>>> print(open('run_31.cif').read())   # mmCIF, C-alpha atoms
data_protein
loop_
_atom_site.label_atom_id
_atom_site.label_comp_id
_atom_site.auth_asym_id
_atom_site.auth_seq_id
_atom_site.Cartn_x
_atom_site.Cartn_y
_atom_site.Cartn_z
CA MET F 1 -23.62 -40.38 39.28
CA GLU F 2 -21.84 -39.58 36.03
CA ILE F 3 -24.77 -40.76 33.94
CA VAL F 4 -27.22 -38.64 35.96
CA ARG F 5 -25.07 -35.56 35.45
CA ARG F 6 -24.88 -36.27 31.74
CA ILE F 7 -28.66 -36.66 31.44
CA CYS F 8 -29.14 -33.42 33.38
CA ARG F 9 -26.82 -31.57 31.01
CA PHE F 10 -28.61 -33.06 28.00
CA VAL F 11 -32.03 -31.97 29.29
CA ARG F 12 -30.74 -28.50 30.26
CA ILE F 13 -29.25 -27.89 26.80
CA HIS F 14 -32.43 -28.99 25.07
CA ILE F 15 -34.73 -26.96 27.28
CA SER F 16 -32.62 -23.83 26.78
CA LEU F 17 -32.55 -24.44 23.02
CA ILE F 18 -36.32 -24.72 22.89
CA VAL F 19 -36.88 -21.68 25.12
CA PHE F 20 -34.45 -19.53 23.17
CA SER F 21 -35.88 -20.46 19.79
CA GLY F 22 -39.36 -19.80 21.16
CA LEU F 23 -38.21 -16.34 22.24
CA ALA F 24 -36.59 -15.94 18.83
CA MET F 25 -40.07 -16.14 17.39
CA PHE F 26 -40.97 -12.94 19.24
CA ILE F 27 -37.78 -11.25 18.05
CA GLY F 28 -38.23 -12.32 14.43
CA LEU F 29 -41.82 -11.25 14.08
CA PRO F 30 -41.31 -7.44 14.28
CA THR F 31 -38.78 -7.66 11.43
CA PHE F 32 -41.41 -9.49 9.42
CA ALA F 33 -44.11 -6.98 10.33
CA SER F 34 -41.95 -3.93 9.51
CA GLY F 35 -41.58 -4.93 5.89
CA GLY F 36 -38.55 -7.18 6.07
CA ARG F 37 -36.26 -4.67 7.81
CA SER F 38 -33.52 -6.29 9.87
CA TRP F 39 -31.84 -5.06 13.04
CA LEU F 40 -29.33 -3.18 10.94
CA SER F 41 -31.95 -0.91 9.40
CA PHE F 42 -30.59 2.05 11.40
CA ILE F 43 -27.25 1.75 9.55
CA THR F 44 -29.03 1.71 6.21
CA ASP F 45 -31.15 4.72 7.15
CA ASN F 46 -28.32 6.78 8.64
CA LEU F 47 -25.93 6.21 5.75
CA GLY F 48 -28.66 6.99 3.24
CA ILE F 49 -28.28 3.73 1.33
CA PRO F 50 -31.24 3.54 -1.08
CA THR F 51 -33.67 0.73 -0.26
CA PRO F 52 -36.09 -0.94 -2.65
CA PRO F 53 -39.74 -0.16 -1.90
CA TYR F 54 -41.58 -2.68 0.23
CA GLY F 55 -43.14 -5.46 -1.77
CA THR F 56 -40.34 -5.67 -4.33
CA GLN F 57 -39.76 -9.37 -4.72
CA TRP F 58 -36.28 -10.85 -4.13
CA GLU F 59 -34.72 -7.62 -2.95
CA GLN F 60 -33.89 -6.95 0.66
CA PRO F 61 -33.99 -3.43 2.06
CA ASP F 62 -30.94 -3.92 4.31
CA LEU F 63 -28.83 -5.95 1.92
CA VAL F 64 -25.72 -3.76 2.07
CA SER F 65 -25.64 -3.52 5.88
CA ASN F 66 -26.20 -7.27 6.26
CA THR F 67 -23.43 -8.11 3.81
CA TYR F 68 -20.91 -5.75 5.37
CA ILE F 69 -21.56 -6.98 8.91
CA VAL F 70 -20.46 -10.41 7.63
CA VAL F 71 -17.43 -8.90 5.91
CA VAL F 72 -16.38 -7.14 9.12
CA PHE F 73 -17.01 -10.26 11.20
CA VAL F 74 -14.98 -12.58 8.95
CA ALA F 75 -12.16 -10.05 8.64
CA LEU F 76 -12.01 -9.57 12.43
CA LEU F 77 -12.17 -13.34 13.04
CA PHE F 78 -9.24 -14.13 10.79
CA PHE F 79 -7.28 -11.03 11.80
CA LEU F 80 -7.55 -11.88 15.52
CA GLY F 81 -6.84 -15.53 14.79
CA SER F 82 -3.66 -14.86 12.82
CA ARG F 83 -2.30 -11.95 14.89
CA ARG F 84 0.11 -13.79 17.14
CA LEU F 85 1.00 -17.01 15.35
CA ASN F 86 3.13 -19.63 17.03
CA ARG F 87 4.84 -22.49 15.31
CA LEU F 88 3.19 -24.84 17.79
CA PRO F 89 -0.33 -23.45 18.28
CA GLU F 90 -0.90 -22.52 21.92
CA THR F 91 -4.44 -21.15 21.80
CA LYS F 92 -7.52 -23.12 20.87
CA PHE F 93 -8.43 -20.36 18.45
CA GLN F 94 -5.31 -20.74 16.34
CA MET F 95 -5.70 -24.53 16.50
CA PHE F 96 -9.28 -24.28 15.23
CA LEU F 97 -8.39 -21.92 12.38
CA GLU F 98 -5.44 -24.08 11.35
CA MET F 99 -7.63 -27.18 11.30
CA PHE F 100 -10.32 -25.37 9.31
CA ILE F 101 -7.94 -23.97 6.70
CA GLY F 102 -5.95 -27.21 6.57
CA ASN F 103 -9.05 -29.24 5.81
CA LEU F 104 -10.09 -26.73 3.15
CA VAL F 105 -6.69 -26.92 1.44
CA ASP F 106 -6.71 -30.73 1.62
CA PHE F 107 -10.15 -31.02 0.13
CA PHE F 108 -9.67 -28.56 -2.73
CA SER F 109 -6.24 -30.03 -3.47
CA ASN F 110 -7.99 -33.35 -4.15
CA VAL F 111 -10.27 -31.67 -6.70
CA LEU F 112 -7.77 -29.27 -8.28
CA GLY F 113 -4.93 -31.80 -8.53
CA LYS F 114 -1.50 -30.28 -8.99
CA HIS F 115 -2.83 -26.70 -8.88
CA GLY F 116 -4.45 -27.31 -5.51
CA GLN F 117 -2.14 -25.27 -3.29
CA GLN F 118 -2.09 -22.49 -5.85
CA TYR F 119 -5.82 -21.79 -6.23
CA THR F 120 -7.31 -22.81 -2.90
CA TRP F 121 -7.37 -19.14 -1.88
CA PHE F 122 -9.83 -18.44 -4.71
CA VAL F 123 -12.41 -21.17 -4.08
CA GLY F 124 -11.77 -21.31 -0.33
CA SER F 125 -12.61 -17.66 0.18
CA TYR F 126 -15.87 -18.18 -1.68
CA PHE F 127 -16.59 -21.07 0.68
CA ILE F 128 -15.92 -19.08 3.84
CA PHE F 129 -17.76 -15.97 2.68
CA ILE F 130 -20.87 -17.81 1.46
CA LEU F 131 -20.93 -20.01 4.58
CA PHE F 132 -21.08 -16.97 6.85
CA LEU F 133 -23.59 -15.21 4.58
CA ASN F 134 -25.87 -18.27 4.74
CA TYR F 135 -25.57 -18.63 8.51
CA LEU F 136 -26.38 -14.94 9.15
CA GLY F 137 -30.01 -15.66 8.26
CA LEU F 138 -30.34 -18.19 11.07
CA ILE F 139 -29.81 -15.45 13.68
CA PRO F 140 -33.23 -13.92 14.39
CA GLY F 141 -33.44 -10.31 13.32
CA PHE F 142 -30.99 -10.70 10.45
CA GLN F 143 -31.41 -11.89 6.88
CA SER F 144 -29.22 -14.02 4.67
CA PRO F 145 -27.80 -11.71 1.99
CA THR F 146 -27.65 -14.78 -0.26
CA ALA F 147 -31.47 -14.88 -0.20
CA ASP F 148 -31.28 -11.91 -2.58
CA LEU F 149 -30.66 -12.36 -6.30
CA ASN F 150 -28.30 -9.34 -6.46
CA THR F 151 -25.77 -10.91 -4.09
CA THR F 152 -25.77 -14.33 -5.70
CA LEU F 153 -25.53 -12.93 -9.24
CA ALA F 154 -22.52 -10.85 -8.17
CA LEU F 155 -20.91 -13.93 -6.58
CA GLY F 156 -21.58 -16.13 -9.61
CA LEU F 157 -20.31 -13.55 -12.11
CA THR F 158 -17.12 -12.88 -10.15
CA ALA F 159 -16.53 -16.63 -9.81
CA VAL F 160 -16.82 -17.26 -13.55
CA ILE F 161 -14.73 -14.17 -14.44
CA GLY F 162 -12.08 -15.33 -11.96
CA VAL F 163 -12.06 -18.82 -13.49
CA ASN F 164 -11.50 -17.28 -16.93
CA ILE F 165 -8.67 -15.08 -15.63
CA ILE F 166 -7.01 -18.12 -14.06
CA SER F 167 -7.36 -19.98 -17.35
CA ILE F 168 -5.77 -17.09 -19.27
CA LYS F 169 -2.95 -16.96 -16.76
CA GLU F 170 -2.26 -20.69 -16.95
CA ASN F 171 -2.89 -21.44 -20.63
CA GLY F 172 -2.16 -18.11 -22.28
CA LEU F 173 -4.69 -16.03 -24.16
CA VAL F 174 -4.35 -17.98 -27.43
CA ASN F 175 -5.00 -21.38 -25.84
CA HIS F 176 -7.87 -19.90 -23.84
CA ILE F 177 -9.57 -18.72 -27.05
CA LYS F 178 -8.75 -22.08 -28.66
CA HIS F 179 -10.65 -23.73 -25.83
CA PHE F 180 -13.66 -21.62 -26.73
CA ILE F 181 -13.37 -22.54 -30.42
CA GLY F 182 -13.20 -26.29 -29.86
CA GLU F 183 -11.61 -29.08 -31.83
CA PRO F 184 -12.55 -28.66 -35.53
CA ALA F 185 -11.49 -25.09 -36.28
CA TRP F 186 -13.99 -24.58 -39.12
CA LEU F 187 -16.87 -24.92 -36.63
CA ALA F 188 -15.69 -21.75 -34.85
CA PRO F 189 -18.61 -19.49 -35.90
CA LEU F 190 -20.98 -22.01 -34.32
CA MET F 191 -18.99 -23.14 -31.29
CA PHE F 192 -17.59 -19.82 -30.10
CA PRO F 193 -20.99 -18.20 -29.29
CA LEU F 194 -22.12 -21.52 -27.83
CA HIS F 195 -19.19 -21.66 -25.41
CA ALA F 196 -19.55 -17.97 -24.59
CA ILE F 197 -23.22 -18.47 -23.73
CA GLY F 198 -22.18 -21.54 -21.74
CA GLU F 199 -19.96 -19.37 -19.54
CA VAL F 200 -22.84 -16.97 -18.84
CA ALA F 201 -25.08 -19.98 -18.10
CA ARG F 202 -22.50 -21.24 -15.62
CA ALA F 203 -22.64 -17.95 -13.75
CA ALA F 204 -26.44 -17.92 -13.87
CA SER F 205 -26.71 -21.52 -12.65
CA LEU F 206 -24.31 -20.86 -9.75
CA ALA F 207 -26.30 -17.77 -8.81
CA LEU F 208 -29.76 -19.31 -9.15
CA ARG F 209 -28.84 -22.48 -7.27
CA LEU F 210 -27.55 -20.56 -4.28
CA PHE F 211 -30.39 -18.03 -4.37
CA GLY F 212 -33.15 -20.62 -4.76
CA ASN F 213 -31.92 -22.84 -1.97
CA ILE F 214 -31.39 -20.11 0.60
CA PHE F 215 -34.48 -18.08 -0.37
CA GLY F 216 -36.68 -21.19 -0.28
CA GLU F 217 -35.31 -22.19 3.09
CA GLU F 218 -35.84 -18.72 4.57
CA THR F 219 -39.38 -18.61 3.18
CA VAL F 220 -40.15 -21.97 4.75
CA ILE F 221 -38.72 -20.82 8.10
CA ILE F 222 -40.81 -17.63 8.21
CA ASN F 223 -43.96 -19.48 7.15
CA ILE F 224 -43.49 -22.18 9.81
CA THR F 225 -42.82 -19.46 12.38
CA LEU F 226 -46.13 -17.83 11.43
CA LEU F 227 -47.81 -21.23 11.84
CA GLY F 228 -46.31 -21.36 15.33
CA VAL F 229 -47.82 -17.98 16.12
CA GLY F 230 -51.19 -19.25 14.93
CA LEU F 231 -50.75 -22.28 17.14
CA MET F 232 -49.94 -20.00 20.09
CA ALA F 233 -53.22 -18.12 19.55
CA LEU F 234 -55.14 -21.37 20.04
CA LEU F 235 -53.60 -22.01 23.46
CA PRO F 236 -55.24 -20.61 26.62
CA PHE F 237 -51.90 -19.10 27.73
CA PRO F 238 -49.19 -17.42 25.58
CA LEU F 239 -46.55 -20.15 25.32
CA PRO F 240 -44.21 -19.76 22.33
CA ILE F 241 -43.85 -23.11 20.59
CA PRO F 242 -40.69 -23.36 18.47
CA VAL F 243 -42.13 -25.32 15.56
CA GLN F 244 -39.44 -23.83 13.30
CA LEU F 245 -36.64 -25.51 15.29
CA PRO F 246 -36.13 -28.53 12.96
CA MET F 247 -36.06 -26.18 9.98
CA LEU F 248 -33.28 -24.13 11.62
CA PHE F 249 -31.15 -27.27 11.92
CA PHE F 250 -31.91 -28.03 8.29
CA GLY F 251 -30.77 -24.49 7.58
CA LEU F 252 -27.42 -25.28 9.23
CA LEU F 253 -27.02 -28.29 6.94
CA GLY F 254 -28.29 -26.54 3.81
CA GLY F 255 -26.19 -23.42 4.33
CA PHE F 256 -23.03 -25.48 4.63
CA LEU F 257 -23.95 -27.66 1.67
CA GLN F 258 -24.68 -24.74 -0.64
CA ALA F 259 -21.42 -22.96 0.22
CA PHE F 260 -19.66 -26.27 -0.36
CA VAL F 261 -21.38 -26.89 -3.70
CA PHE F 262 -20.65 -23.35 -4.92
CA SER F 263 -16.93 -23.59 -4.21
CA LEU F 264 -16.74 -27.19 -5.43
CA LEU F 265 -18.36 -26.31 -8.76
CA THR F 266 -16.06 -23.29 -9.14
CA SER F 267 -13.05 -25.56 -8.66
CA VAL F 268 -14.51 -28.07 -11.13
CA TYR F 269 -14.80 -25.23 -13.67
CA ILE F 270 -11.14 -24.36 -13.08
CA VAL F 271 -10.22 -28.02 -13.62
CA THR F 272 -12.14 -28.23 -16.91
CA PHE F 273 -10.16 -25.28 -18.26
CA LEU F 274 -6.77 -26.45 -17.00
CA ASP F 275 -7.12 -30.11 -18.02
CA HIS F 276 -8.23 -29.13 -21.50
CA GLY F 277 -5.13 -27.00 -21.88
CA ASP F 278 -2.97 -29.99 -20.93
CA ASP F 279 -4.69 -32.19 -23.49
CA HIS F 280 -3.81 -29.77 -26.26
CA GLY F 281 -0.16 -30.35 -25.53
CA HIS F 282 -0.43 -34.13 -25.84
CA HIS F 283 -2.36 -34.34 -29.10
CA MET H 1 -60.42 -16.18 -16.72
CA ILE H 2 -59.15 -19.28 -18.52
CA TYR H 3 -55.69 -17.68 -18.41
CA LEU H 4 -55.94 -17.43 -14.61
CA ALA H 5 -57.17 -21.02 -14.32
CA VAL H 6 -54.27 -22.33 -16.42
CA LEU H 7 -51.88 -20.16 -14.41
CA ALA H 8 -53.20 -21.66 -11.19
CA PHE H 9 -52.63 -25.17 -12.53
CA GLY H 10 -49.15 -24.20 -13.69
CA VAL H 11 -48.23 -22.77 -10.29
CA THR H 12 -49.55 -25.72 -8.32
CA LEU H 13 -48.42 -28.56 -10.58
CA GLY H 14 -45.13 -27.39 -12.10
CA LEU H 15 -42.97 -27.58 -8.99
CA PRO H 16 -44.28 -30.96 -7.71
CA ILE H 17 -43.64 -32.59 -11.11
CA ALA H 18 -40.06 -31.28 -11.07
CA VAL H 19 -39.63 -32.47 -7.47
CA ILE H 20 -40.96 -35.97 -8.23
CA PHE H 21 -38.56 -36.61 -11.11
CA ALA H 22 -35.58 -34.89 -9.49
CA SER H 23 -35.98 -36.89 -6.28
CA THR H 24 -36.18 -40.09 -8.34
CA ALA H 25 -32.98 -39.10 -10.13
CA GLN H 26 -31.24 -38.18 -6.88
CA GLY H 27 -32.32 -41.51 -5.40
CA LYS H 28 -30.76 -43.33 -8.33
CA ALA H 29 -27.53 -41.35 -8.00
CA VAL H 30 -27.24 -41.96 -4.26
CA THR H 31 -28.11 -45.65 -4.73
CA ALA H 32 -25.25 -46.03 -7.21
CA ALA H 33 -22.85 -44.19 -4.90
CA MET H 34 -23.88 -46.30 -1.88
CA GLU H 35 -23.45 -49.53 -3.87
CA GLY H 36 -20.01 -48.36 -4.91
CA ILE H 37 -19.10 -47.57 -1.29
CA ALA H 38 -20.46 -50.93 -0.10
CA ARG H 39 -18.29 -52.69 -2.65
CA GLN H 40 -15.20 -50.62 -1.90
CA PRO H 41 -15.49 -48.98 1.53
CA GLU H 42 -12.08 -47.29 1.16
CA SER H 43 -13.38 -45.24 -1.80
CA ALA H 44 -15.97 -43.44 0.34
CA SER H 45 -13.96 -40.22 0.70
CA SER H 46 -13.11 -39.94 -2.99
CA MET H 47 -16.72 -40.64 -3.98
CA PHE H 48 -18.17 -37.89 -1.79
CA GLY H 49 -17.16 -34.88 -3.92
CA PRO H 50 -18.39 -36.14 -7.32
CA MET H 51 -21.63 -37.37 -5.75
CA ILE H 52 -22.30 -33.94 -4.24
CA VAL H 53 -21.59 -32.27 -7.60
CA GLY H 54 -24.01 -34.64 -9.34
CA LEU H 55 -26.69 -34.07 -6.73
CA ALA H 56 -26.21 -30.30 -7.01
CA LEU H 57 -26.58 -30.41 -10.79
CA ILE H 58 -29.80 -32.44 -10.47
CA GLU H 59 -31.06 -30.15 -7.74
CA ALA H 60 -30.41 -27.11 -9.95
CA MET H 61 -33.34 -28.22 -12.14
CA VAL H 62 -35.68 -28.15 -9.14
CA ILE H 63 -34.32 -24.74 -8.21
CA TYR H 64 -35.10 -23.42 -11.70
CA ALA H 65 -38.63 -24.78 -11.25
CA LEU H 66 -38.77 -23.07 -7.83
CA VAL H 67 -37.69 -19.73 -9.33
CA MET H 68 -40.33 -20.13 -12.05
CA PHE H 69 -42.82 -20.94 -9.28
CA PHE H 70 -42.05 -17.66 -7.54
CA VAL H 71 -42.25 -15.76 -10.85
CA MET H 72 -45.68 -17.24 -11.61
CA LEU H 73 -46.81 -16.79 -8.02
CA SER H 74 -46.32 -13.04 -8.37
CA LYS H 75 -48.51 -13.12 -11.51
CA LEU H 76 -51.47 -14.57 -9.57
CA PRO H 77 -53.99 -11.86 -8.59
CA GLU H 78 -55.17 -11.12 -5.07
CA PRO H 79 -58.40 -12.89 -4.06
CA SER H 80 -60.12 -9.52 -3.58
CA THR H 81 -59.41 -8.49 -7.19
CA LEU H 82 -60.51 -11.94 -8.33
CA LYS H 83 -64.04 -11.65 -6.95
CA PRO H 84 -65.44 -9.10 -9.50
CA LEU H 85 -63.86 -11.17 -12.30
CA ILE H 86 -65.68 -14.29 -11.11
CA GLU H 87 -68.95 -12.36 -10.77
CA ALA H 88 -68.61 -10.93 -14.30
CA GLU H 89 -67.89 -14.41 -15.63
CA ALA H 90 -70.94 -15.81 -13.81
CA ASN H 91 -73.12 -12.99 -15.18
CA SER H 92 -71.99 -13.54 -18.75
CA ALA H 93 -72.54 -17.31 -18.38
CA GLN H 94 -76.07 -16.58 -17.11
CA VAL H 95 -76.72 -14.26 -20.07
CA ARG H 96 -75.46 -16.95 -22.47
CA THR H 97 -77.69 -19.66 -20.99
CA GLN H 98 -80.70 -17.32 -21.12
CA ALA H 99 -79.96 -16.50 -24.77
CA ASN H 100 -79.74 -20.21 -25.59
CA HIS H 101 -83.13 -20.92 -24.06
#
>>> encode(input="run_31.cif", output="structure tokens")
Amino acid sequence: MEIVRRICRFVRIHISLIVFSGLAMFIGLPTFASGGRSWLSFITDNLGIPTPPYGTQWEQPDLVSNTYIVVVFVALLFFLGSRRLNRLPETKFQMFLEMFIGNLVDFFSNVLGKHGQQYTWFVGSYFIFILFLNYLGLIPGFQSPTADLNTTLALGLTAVIGVNIISIKENGLVNHIKHFIGEPAWLAPLMFPLHAIGEVARAASLALRLFGNIFGEETVIINITLLGVGLMALLPFPLPIPVQLPMLFFGLLGGFLQAFVFSLLTSVYIVTFLDHGDDHGHH
Amino acid sequence: MIYLAVLAFGVTLGLPIAVIFASTAQGKAVTAAMEGIARQPESASSMFGPMIVGLALIEAMVIYALVMFFVMLSKLPEPSTLKPLIEAEANSAQVRTQANH
């Protein structure tokens, strides 16, 4: 009896998944046809936020609205979760948030070493923000703001600037500049520009990695969805076939992985600055 | 016309070459990590982070190739604008062959 009920639940969940993602095809197509406008286009139009003309590559018309809906959502989520805190968590919500944040702190403490507790807020907030930005694109009718080069460049630049500020705070300005100069001091005219360009390249590589992954994934999803529409036209009756379903699950994996990689690399950059400062003391 | 032909080869071949070598490199990296985990199963959790960082750095090369792919893709002309070019080329080739004879 139990096994029959379990099989029934399994089948029901899968059928509803397939039906809903098939319907999602119908919802997603008008946004594609109207020049990449998302459901939030009315906010953009009413507030008078300038939009790039249609056909501009790598720029989304509703970037600002899409980003701020995520900001509001994350802020509300954590505000509601941390409003009435108990020492022993009573609600599932507080339990979930504590587990989430606890795992984040544990993981980044492993990477950051003795500064783990101190700087988890920096890399952890990048993780949470980018995770939600990536997952917004999986909801039909919305777009991932990280599939736009402007967002990812801003994120990468702020990450690298933040890493440098942390390094100045920990090592002092003189040691920070010494790190840029390198070991033999007479090579400074050569090494200083090299390290400075290296910092810019770090920001660019963070930005391009995130942008390329998410943009490529979104492009694949929309192209496979269009293939599904073509497939539907071949059938004698209009049955939406969710051929993009496996790609959506890959999007879940890829979105998590990219947020993870971004924050992990940022923490590795922090570690390279801090460990180098320690080495100066020993030699 | 030769420019467009070379561009077409660049667009279609650049990304696959990058993908072939990057997937080989990622396979090597994951093989080494798996062998390490098989030898010392308790090190699996500490090996996860560095492996992901290495894979991300390898993958970045493919992503640069992907970005270059999109840049070059936007340089390719529309098929409708391509048709007069091909016709002009065919005409000039015909004129050349007639002149040679």
>>> interface_residues(input="run_31.cif", of="chain H", to="chain F", cutoff="9 Å", atoms="only C-alpha atoms", output="MDAnalysis selection string")
chainID H and resid 46 49 52:53 56:57 59:61 63:64 66:67 74
>>> write_last_selection(input="run_31.cif", atoms="C-alpha atoms", output="mmCIF file, in the frame of the given file")
data_model
loop_
_atom_site.group_PDB
_atom_site.id
_atom_site.type_symbol
_atom_site.label_atom_id
_atom_site.label_comp_id
_atom_site.auth_asym_id
_atom_site.auth_seq_id
_atom_site.Cartn_x
_atom_site.Cartn_y
_atom_site.Cartn_z
ATOM 1 C CA SER H 46 -13.110 -39.940 -2.990
ATOM 2 C CA GLY H 49 -17.160 -34.880 -3.920
ATOM 3 C CA ILE H 52 -22.300 -33.940 -4.240
ATOM 4 C CA VAL H 53 -21.590 -32.270 -7.600
ATOM 5 C CA ALA H 56 -26.210 -30.300 -7.010
ATOM 6 C CA LEU H 57 -26.580 -30.410 -10.790
ATOM 7 C CA GLU H 59 -31.060 -30.150 -7.740
ATOM 8 C CA ALA H 60 -30.410 -27.110 -9.950
ATOM 9 C CA MET H 61 -33.340 -28.220 -12.140
ATOM 10 C CA ILE H 63 -34.320 -24.740 -8.210
ATOM 11 C CA TYR H 64 -35.100 -23.420 -11.700
ATOM 12 C CA LEU H 66 -38.770 -23.070 -7.830
ATOM 13 C CA VAL H 67 -37.690 -19.730 -9.330
ATOM 14 C CA SER H 74 -46.320 -13.040 -8.370
#
>>> resolve_selection(input="run_31.cif", expression="the PyMOL selection byres ((chain F and resi 63-78) around 9)", output="JSON, numbers by chain")
{"F": [38, 40, 41, 43, 44, 49, 51, 59, 60, 61, 62, 79, 80, 81, 82, 83, 97, 128, 129, 132, 133, 136, 142, 143, 144, 145, 146, 148, 151]}
>>> residues_around(input="run_31.cif", residues="Val243 in chain F", least_positions_apart="5", cutoff="8 Å", atoms="all atoms listed in the file", output="JSON, numbers by chain")
{"F": [224, 225, 227, 228]}
>>> residues_around(input="run_31.cif", residues="Leu76 in chain H", least_positions_apart="5", cutoff="12 Å", atoms="all atoms listed in the file", output="PyMOL selection string")
chain H and resi 1+3-12+69-71+81-82
>>> resolve_selection(input="run_31.cif", expression="the PyMOL selection byres ((chain F and resi 104) around 10)", output="PDB file with C-alpha atoms, in the frame of the given file")
ATOM      1  CA  GLU F  98      -5.440 -24.080  11.350  1.00  0.00           C
ATOM      2  CA  MET F  99      -7.630 -27.180  11.300  1.00  0.00           C
ATOM      3  CA  PHE F 100     -10.320 -25.370   9.310  1.00  0.00           C
ATOM      4  CA  ILE F 101      -7.940 -23.970   6.700  1.00  0.00           C
ATOM      5  CA  GLY F 102      -5.950 -27.210   6.570  1.00  0.00           C
ATOM      6  CA  ASN F 103      -9.050 -29.240   5.810  1.00  0.00           C
ATOM      7  CA  VAL F 105      -6.690 -26.920   1.440  1.00  0.00           C
ATOM      8  CA  ASP F 106      -6.710 -30.730   1.620  1.00  0.00           C
ATOM      9  CA  PHE F 107     -10.150 -31.020   0.130  1.00  0.00           C
ATOM     10  CA  PHE F 108      -9.670 -28.560  -2.730  1.00  0.00           C
ATOM     11  CA  SER F 109      -6.240 -30.030  -3.470  1.00  0.00           C
ATOM     12  CA  THR F 120      -7.310 -22.810  -2.900  1.00  0.00           C
ATOM     13  CA  TRP F 121      -7.370 -19.140  -1.880  1.00  0.00           C
ATOM     14  CA  VAL F 123     -12.410 -21.170  -4.080  1.00  0.00           C
ATOM     15  CA  GLY F 124     -11.770 -21.310  -0.330  1.00  0.00           C
ATOM     16  CA  SER F 125     -12.610 -17.660   0.180  1.00  0.00           C
ATOM     17  CA  PHE F 127     -16.590 -21.070   0.680  1.00  0.00           C
ATOM     18  CA  ILE F 128     -15.920 -19.080   3.840  1.00  0.00           C
TER      19      ILE F 128
END
>>> atom_distance(input="run_31.cif", atom1="CA of Phe273 in chain F", atom2="CA of Val174 in chain F")
13.1 Å
>>> atom_distance(input="run_31.cif", atom1="CA of Thr152 in chain F", atom2="CA of Ala203 in chain F")
9.4 Å
>>> build_atoms(input="run_31.cif", residues="range 70-84 of chain H", atoms="N, CA and C atoms", output="short mmCIF file (atom, residue, chain, number, x, y, z; two decimals), in the coordinates of the input")
data_model
loop_
_atom_site.label_atom_id
_atom_site.label_comp_id
_atom_site.auth_asym_id
_atom_site.auth_seq_id
_atom_site.Cartn_x
_atom_site.Cartn_y
_atom_site.Cartn_z
N PHE H 70 -41.92 -18.97 -8.17
CA PHE H 70 -42.05 -17.66 -7.54
C PHE H 70 -42.43 -16.60 -8.57
N VAL H 71 -41.90 -16.72 -9.80
CA VAL H 71 -42.25 -15.76 -10.85
C VAL H 71 -43.74 -15.84 -11.14
N MET H 72 -44.26 -17.08 -11.27
CA MET H 72 -45.68 -17.24 -11.61
C MET H 72 -46.57 -16.88 -10.43
N LEU H 73 -46.04 -17.11 -9.21
CA LEU H 73 -46.81 -16.79 -8.02
C LEU H 73 -47.10 -15.29 -7.96
N SER H 74 -46.11 -14.49 -8.41
CA SER H 74 -46.32 -13.04 -8.37
C SER H 74 -47.31 -12.60 -9.45
N LYS H 75 -47.54 -13.46 -10.46
CA LYS H 75 -48.51 -13.12 -11.51
C LYS H 75 -49.94 -13.40 -11.05
N LEU H 76 -50.11 -14.24 -10.03
CA LEU H 76 -51.47 -14.57 -9.57
C LEU H 76 -52.09 -13.34 -8.91
N PRO H 77 -53.35 -13.04 -9.18
CA PRO H 77 -53.99 -11.86 -8.59
C PRO H 77 -54.39 -12.12 -7.14
N GLU H 78 -54.66 -11.02 -6.44
CA GLU H 78 -55.17 -11.12 -5.07
C GLU H 78 -56.60 -11.66 -5.10
N PRO H 79 -57.02 -12.39 -4.08
CA PRO H 79 -58.40 -12.89 -4.06
C PRO H 79 -59.44 -11.79 -4.15
N SER H 80 -59.13 -10.59 -3.57
CA SER H 80 -60.12 -9.52 -3.58
C SER H 80 -60.34 -8.99 -5.00
N THR H 81 -59.24 -8.95 -5.81
CA THR H 81 -59.41 -8.49 -7.19
C THR H 81 -60.03 -9.58 -8.05
N LEU H 82 -59.98 -10.81 -7.55
CA LEU H 82 -60.51 -11.94 -8.33
C LEU H 82 -62.02 -11.99 -8.27
N LYS H 83 -62.61 -11.48 -7.17
CA LYS H 83 -64.04 -11.65 -6.95
C LYS H 83 -64.91 -10.99 -8.03
N PRO H 84 -64.64 -9.69 -8.42
CA PRO H 84 -65.44 -9.10 -9.50
C PRO H 84 -65.30 -9.86 -10.81
#
